[in-house]
Amino acid sequence: MPIYSLSSLLALLLVSMGTTAAFIGIQTLKRNPRSTSGLIMFLSCICVFLWDFGYAWMSQCYNEAFAIIPRAIGLFGIFSYLIFMLNYVAFLSDFPKRIMIPFNVAYCSISLIAFIGISQSDAIHFKTTVLGYWYYSHMNTGRMLQLIAMMMANVIYYVIMIYWKKKTKLRRELSIISRFSWLGIILLIGYTFDTILPILFERVMFPASCFSAFFTSILLYSISQKYNVFGASSANVSSFVFRDVKVPVLVFDIAGRLVLFNDRAPKYFEKNHDSLTGLTIEDLLKPYEQADSIKEQLSQEALFINEKTGNICKLNNTVVNDKFGDVIYTITFIQDTTEEQKAYEQMAESRLAADAANMAKTNFLANMSHEIRTPMNAIIGMSDIVLQSDLEDEETRSHVDDIRSAGLSLLDIINDILDISKIEAGKYDIAHEEYELPSIIHDVSNIVNVKLLESPVKLVTTVDPTIPMYVVGDIVRVRQIVMNLLSNAVKFTNVGSIRFIIGWNNNPIEPELSFTVKDTGIGIKKENLDSIFEAFNRVDTRRNRNIQGTGLGLAISKHLAELMGGNIVAESLYGVGSTFTATVKQGMKEYSPIGEEIAKALEDNRYIMRISEREVEVKKRPWAKILLVDDNRVNLAVAKGLLKPYEMQVDAVLSGAEALEKVKEKDYDIVFMDHMMPDMDGIDTTRAIRALGGKYENLTIIALTANAIDAARELFAREGLQDFIAKPIDKRQLNAILDKWLTSPEVYNQVP
C-alpha cells in the first residue's frame, strides 16, 4: 500500500486536527490557570484530540480485533467532548445547576450503556476502503442509545442558548450567543455523515464528526477569546489597553521619545500618527499655572495643559523594567481634567469671594458694634453713675432711670441684630460649661415678675422636681431663648396668666430640657404661624404696631435651639392664646435632681441664687492701681465713674503711646485697654508693653471693647490680653473681673 495513499493522508489530517485542538487547550490553561471556563475549554480540546486521534489510529489498523481499542478511545472522546462542551456553555450562561446536574447524570448513564453496547465486536463490521480501515453497523440497542444521547445533547444545548438569550441584556453576550448557536448545527452535520446515514443505508462511515468536533472546538475557543470569556490575561488586557481604553496612552523609551501610542492619542493632541512619533512629553504638554490663591485652596498634584487645544490634564506614569531592573519604557496615561479643573477653580473663586464677603461682614459687624456701643456705653454708663449719686429729686431720678431703660432696650436691639448676623455668617459658637439650672429659672422669673408688677397678668411657674440641678451647656444662650419666649408672652398678654413650665426627658445620658410658655394673650392667626420664626418678620402689624420689637427674637431663639440639638414649636388660637415650647439638648456630668423643696421655692419665687444687679457688692480696694486707656473722653469718664465706688487709684490716658509711658512710670495692677484707637490700637499697645519684658510680660491687661464679635474675643486671647469687658460696661461683669484679677494687698506684695 503506498505511503502517500488517501487513507494515510486522512489519518495524518485527523491527527493534525486533534493535536492542534490539544495545543489550544494547553495554551488556554496556561494563560488562564485560575479560570473555570479555561479549565473546561482545556478538557474539551483534549476530548477532541482523543476523538480524532482514536479514529485516525483505527483507520490504519487493518485488524478488526486490534481496531476495537482505538475505536473505543474515539468513542470516549465523542461522549466526553459533548458533556464538556455543554457544561462549558452552561457555565458561561449561568444555567441553573438544578437542571444541569440531573442532565449530566442521565447523559453519562445513557452514554456509558451506549458505549458498552457499540464497543462490542459483533456490533460492527470493519471494511478496508481507499480512505482506510472503517466500519459500518446495524441499528441495535447501543446505537439507539447513542442517538438518544446525541439528541439529548443537542436539545439541552439549545435550551441553554434560549435561556441565556432571555436572561441577558448585554450586547457582548448576545453576540456570543448568536455565534455559539452555529456549533450545534455543525456537530449535527458531522453526526449525520458518520453515524445516522451509515446506519440507515448500511454504508461504511466517513469520519465527518471528527472534522465537526475540530471546527466547533476552534470556533468555541476563538469566540471565547475574542469576547474575553476566560478573564484577564496579559494578552487580552494589553490589547484592551491599546484598543479600548478611553484615554490617550503613550509609551516613551529611555531617551524620553514617544515610540508607541493608542488611537486616542492623535485625536487628543490633534496630530497624525507620523508627527507624534519621536516627540517628548515636553513637546506635547506644558505645566499648567494656576493663581496662587487658587493653588493654595486646591493643593492638588501637578497639572499640564495642551496649549494647542487648551485641555488640562494630569499624568499617571508607570515604568517597565527589564530583567536587570533597568527602566526600558515609561507608560503614561493622560487623564483629561479640563471640566473638573474649571469646576474646581470656579468653586475656589466662589469660596474666596464668599470668604471675602464674610470677612467684610465680620469687619462691618465689628465696626458697627464699636460705633454703636461706644455712645451706648456713655448713655448707660452715665445713667448708672448718676443713679449711684445722692439724687434727692425723685423726678430727675425717674427721668435718668427712663434714659437708662431706653438705652438698655436699644442695646437689646443691637444685640439681636448682631446675633442674627453671626448666625447667618455661621460664626456662632455654643459654650459647654457646667451651670446651675435653677439659676436660669430664678433669673427669668424675677425679670418677668418685675415687668408684670403693674399688670393684672400673673406668672405661674411649674417646675418638674426631677430636673437636674447641674447641666453642661451654654447658660447665656439658654437664658436668652427662655427670656425671649417669656418677653413675647408679656408683650402680647394683657389679661389672664402666663404659665412657665420646665421639664425634661428623664434621660441622664442625653438630657433634653424643655421650656414651655403658655399665655392667654391675643394669639396668632393660623396663616401666620409658619412665618413667625422668620427674621425681621412681625405678623399682624396693624394690631401690634404699638408693641416694640425687631421681629428677631423668635428667629434667633429657634436658631440657638437648633444649634443645641433642639427646636421651638408653636401652637396658637387667635384671640385665645399661644403656646411655645423650646427644647435644648445639654450635657451632664452627674445626675442630681433639684428635689421638691427647690422646685417649690422656684414656683413661689423664693429661690435665692445670687444678689440682684442693683445690689452688687462693692469691695473697696484703695491699694489697687488702675490704668484706663481709651481715645474717647466720655468713655473714660464713664469708666472712672463706675470704678469710683471701689476707691481705687485710677489714671486715664487717651492713647496707646501715653499708656506705654504710664506703665513705665508706675506699677499698675490692671490696665483696661480700649481695642479700637487711632495710631496705636489696643493690640499694638499690648504688644509694645509685652515687648518691655520682665514684669510687663505678666501685667494684667483687660480689653475694654465695644466689639462683641466672637472673633475679636479670640484675637484678644491670642494677642496676650487676659480678659475683656464688653461695652456698655455691666456693673456685675466689672465686679466679677475685679474679683478675678485683683489679689489682696498681702498676696500682691509677695508677687515679684
# chains A, B, ... in the order shown; residues from 1 in each chain; ligands from 1
>>> residues_around(residues="Thr129 (chain A)", least_positions_apart="5", cutoff="9 Å", atoms="only C-alpha atoms", output="list in words")
Ser7, Trp134 and Val204 of chain A
>>> select_by_dssp(residues="region 464-561 of chain A", states="strand (DSSP E or B)", output="number ranges by chain")
A: 468, 470-473, 497-504, 512-519
>>> closest_residue(among="A:Leu642, A:Val650, A:Asp631, A:Val155", to="Asp674 (chain A)", atoms="only C-alpha atoms")
A:Asp631
>>> residues_around(residues="Thr462 (chain A)", least_positions_apart="2", cutoff="9 Å", atoms="only C-alpha atoms", output="list in words")
Val460, Asp464, Arg499, Phe500, Ile501, Ile502, Gly503, Ala599, Lys600, Leu602 and Glu603 of chain A
>>> write_last_selection(atoms="C-alpha atoms", output="short mmCIF file (atom, residue, chain, number, x, y, z; two decimals), in the first residue's frame")
data_model
loop_
_atom_site.label_atom_id
_atom_site.label_comp_id
_atom_site.auth_asym_id
_atom_site.auth_seq_id
_atom_site.Cartn_x
_atom_site.Cartn_y
_atom_site.Cartn_z
CA VAL A 460 -47.45 80.81 87.13
CA ASP A 464 -40.53 69.26 87.49
CA ARG A 499 -47.67 79.69 82.55
CA PHE A 500 -43.98 78.83 82.60
CA ILE A 501 -43.41 75.03 82.64
CA ILE A 502 -39.96 73.49 82.99
CA GLY A 503 -39.38 69.76 82.34
CA ALA A 599 -38.91 73.14 92.81
CA LYS A 600 -41.45 74.64 95.24
CA LEU A 602 -38.76 78.31 92.29
CA GLU A 603 -42.52 78.15 91.77
#
>>> residues_around(residues="Gly142 (chain A)", least_positions_apart="5", cutoff="8 Å", atoms="only C-alpha atoms", output="list in words")
Ile113, Ala114, Phe115, Ile116, Gly117 and Ile118 of chain A
